[in-house]
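model_14.txt (compact mmCIF, C-alpha atoms and all ligand atoms)
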# COMPACT_ATOMS: atom_id res chain seq x y z
CA MET A 221 135.57 -89.09 -25.83
CA ALA A 222 132.48 -87.39 -27.12
CA THR A 223 132.54 -84.99 -24.23
CA ASP A 224 136.14 -84.34 -24.92
CA TYR A 225 135.31 -83.52 -28.53
CA ASP A 226 132.44 -81.25 -27.54
CA ALA A 227 134.46 -79.41 -25.00
CA PRO A 228 137.25 -78.35 -27.36
CA ARG A 229 134.67 -77.54 -30.07
CA ASN A 230 132.93 -75.10 -27.74
CA THR A 231 136.24 -73.79 -26.68
CA SER A 232 137.34 -73.44 -30.28
CA ASP A 233 134.11 -71.60 -31.13
CA GLU A 234 134.60 -69.21 -28.28
CA SER A 235 138.23 -68.82 -29.13
CA SER A 236 137.30 -68.24 -32.77
CA ASP A 237 134.95 -65.47 -31.71
CA ASP A 238 137.68 -63.99 -29.60
CA SER A 239 140.13 -64.42 -32.42
CA ILE A 240 137.70 -62.65 -34.77
CA GLU A 241 137.51 -59.72 -32.41
CA GLU A 242 141.26 -59.83 -32.12
CA LEU A 243 141.55 -60.03 -35.88
CA LYS A 244 139.24 -57.04 -36.23
CA SER A 245 141.35 -55.01 -33.87
CA ARG A 246 144.46 -56.31 -35.56
CA ARG A 247 142.96 -55.55 -38.97
CA GLU A 248 142.43 -51.99 -37.86
CA ASP A 249 146.07 -51.81 -36.89
CA LYS A 250 147.12 -53.56 -40.06
CA GLY A 251 144.68 -51.38 -41.97
CA GLY A 252 146.55 -48.34 -40.79
CA SER A 253 149.83 -49.78 -41.93
CA ALA A 254 148.18 -50.96 -45.15
CA VAL A 255 147.03 -47.40 -45.80
CA ASP A 256 150.57 -46.25 -45.36
CA LEU A 257 151.72 -48.86 -47.83
CA ASP A 258 148.96 -47.86 -50.22
CA ALA A 259 149.86 -44.22 -49.81
CA GLU A 260 153.44 -45.01 -50.69
CA ALA A 261 152.29 -47.04 -53.65
CA VAL A 262 149.89 -44.28 -54.66
CA GLU A 263 152.64 -41.72 -54.38
CA GLY A 264 154.66 -43.77 -56.85
CA ILE A 265 151.64 -43.92 -59.11
CA GLU A 266 150.79 -40.28 -58.64
CA LEU A 267 154.18 -39.09 -59.84
CA PRO A 268 153.39 -39.62 -63.52
CA GLY A 269 149.74 -38.78 -62.88
CA ALA A 270 150.76 -35.51 -61.22
CA ASP A 271 152.49 -34.50 -64.39
CA LEU A 272 149.35 -35.20 -66.36
CA SER A 273 147.22 -33.27 -63.89
CA GLY A 274 149.76 -30.45 -64.06
CA GLU A 275 149.35 -30.39 -67.80
CA GLU A 276 145.61 -30.33 -67.36
CA LEU A 277 145.96 -27.48 -64.90
CA THR A 278 148.25 -25.70 -67.31
CA VAL A 279 145.65 -26.10 -70.00
CA ARG A 280 143.04 -24.74 -67.64
CA VAL A 281 145.31 -21.86 -66.72
CA LEU A 282 145.80 -21.10 -70.38
CA PRO A 283 142.27 -21.72 -71.55
CA LEU A 284 141.77 -18.62 -73.59
CA GLN A 285 141.01 -19.85 -77.02
CA GLN A 286 140.14 -17.39 -79.71
CA ASP A 287 136.50 -18.21 -79.14
CA GLU A 288 136.75 -17.79 -75.39
CA PHE A 289 137.09 -14.86 -73.07
CA THR A 290 137.57 -14.21 -69.37
CA CYS A 291 134.85 -12.18 -67.79
CA MET A 292 136.50 -9.36 -65.86
CA THR A 293 133.62 -9.33 -63.40
CA CYS A 294 133.41 -12.98 -62.36
CA PHE A 295 136.80 -13.94 -63.79
CA LEU A 296 135.33 -17.06 -65.29
CA VAL A 297 136.19 -18.23 -68.75
CA HIS A 298 133.24 -18.32 -71.06
CA HIS A 299 132.71 -19.17 -74.65
CA ARG A 300 132.30 -16.04 -76.64
CA THR A 301 128.70 -16.98 -77.19
CA GLN A 302 128.29 -15.96 -73.54
CA LEU A 303 129.89 -12.61 -74.21
CA ALA A 304 127.37 -9.95 -73.36
CA GLY A 305 129.57 -6.97 -74.05
CA GLN A 306 132.38 -4.92 -72.64
CA ASP A 307 132.67 -2.68 -69.68
CA LYS A 308 133.97 0.90 -69.68
CA ASN A 309 137.52 -0.40 -69.84
CA GLY A 310 136.75 -2.62 -72.79
CA GLN A 311 136.96 -5.72 -70.65
CA PRO A 312 134.65 -8.54 -71.67
CA ILE A 313 131.62 -9.24 -69.54
CA CYS A 314 129.67 -12.46 -69.61
CA ARG A 315 125.93 -12.62 -69.85
CA ASP A 316 125.68 -13.60 -66.19
CA CYS A 317 127.39 -10.40 -65.14
CA SER A 318 125.89 -8.08 -67.68
ZN ZN A 401 130.99 -12.82 -65.57

Go ahead and express the file in the form of structure tokens.
Ligand SMILES: [Zn+2]
Amino acid sequence: MATDYDAPRNTSDESSDDSIEELKSRREDKGGSAVDLDAEAVEGIELPGADLSGEELTVRVLPLQQDEFTCMTCFLVHHRTQLAGQDKNGQPICRDCS
């Protein structure tokens, strides 16, 4: 009886190892499908978030506050404290480009 118990235990251990490897490979497969599911879920979540990011982008696209300017040399928006002057065309130039 004892031998019978030992035999299936060893077998179960080996089978468990095999099953772990199988599970790993299966997890990879399932992981791929899980990513798809997550992507779908994320897409649903991103829809409202995309609007927010769009607003943020809009704000960034329209960043010119009265105390800000866009350097016509590097085309970066700077606070007017970074304004070094104007070029021949009267376009603002930041200190980095002056
Ligand atoms: Zn500049």

task = Using only C-alpha atoms and all ligand atoms, find the one residue out of A:Gln311, A:Ser245, A:Gly305, A:Phe295 that sits nearest to ligand ZN 401 (chain A).
result = A:Phe295

inquiry  = Neighbouring residues of ligand ZN 401 (chain A) are defined here as those with any atom at most 7 Å from a ligand atom, counting only C-alpha atoms and all ligand atoms; list them as number ranges by chain.
reply    = A: 291-296, 313-317

Residues of the last selection are to be written out with C-alpha atoms, as a compact mmCIF listing (two decimals), in the frame of the given file.
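result17.txt, written as the output of this step:
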# COMPACT_ATOMS: atom_id res chain seq x y z
CA CYS A 291 134.85 -12.18 -67.79
CA MET A 292 136.50 -9.36 -65.86
CA THR A 293 133.62 -9.33 -63.40
CA CYS A 294 133.41 -12.98 -62.36
CA PHE A 295 136.80 -13.94 -63.79
CA LEU A 296 135.33 -17.06 -65.29
CA ILE A 313 131.62 -9.24 -69.54
CA CYS A 314 129.67 -12.46 -69.61
CA ARG A 315 125.93 -12.62 -69.85
CA ASP A 316 125.68 -13.60 -66.19
CA CYS A 317 127.39 -10.40 -65.14

key: Residue nearest His298 (chain A) among A:Ser318, A:Gly310, A:Gln285, A:Lys244 (counting all atoms listed in the file)   =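 So, comparing all the options, the nearest one is A:Gln285.
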
request  = Work out how far CA of Asn309 (chain A) is from CA of Gln286 (chain A), in Å to one decimal.
outcome  =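 Computed distance, CA of Gln286 (chain A) to CA of Asn309 (chain A), equals 19.8 Å.
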
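Computed from the coordinates, the CA of Glu288 (chain A) to CA of Arg300 (chain A) distance equals 4.9 Å.
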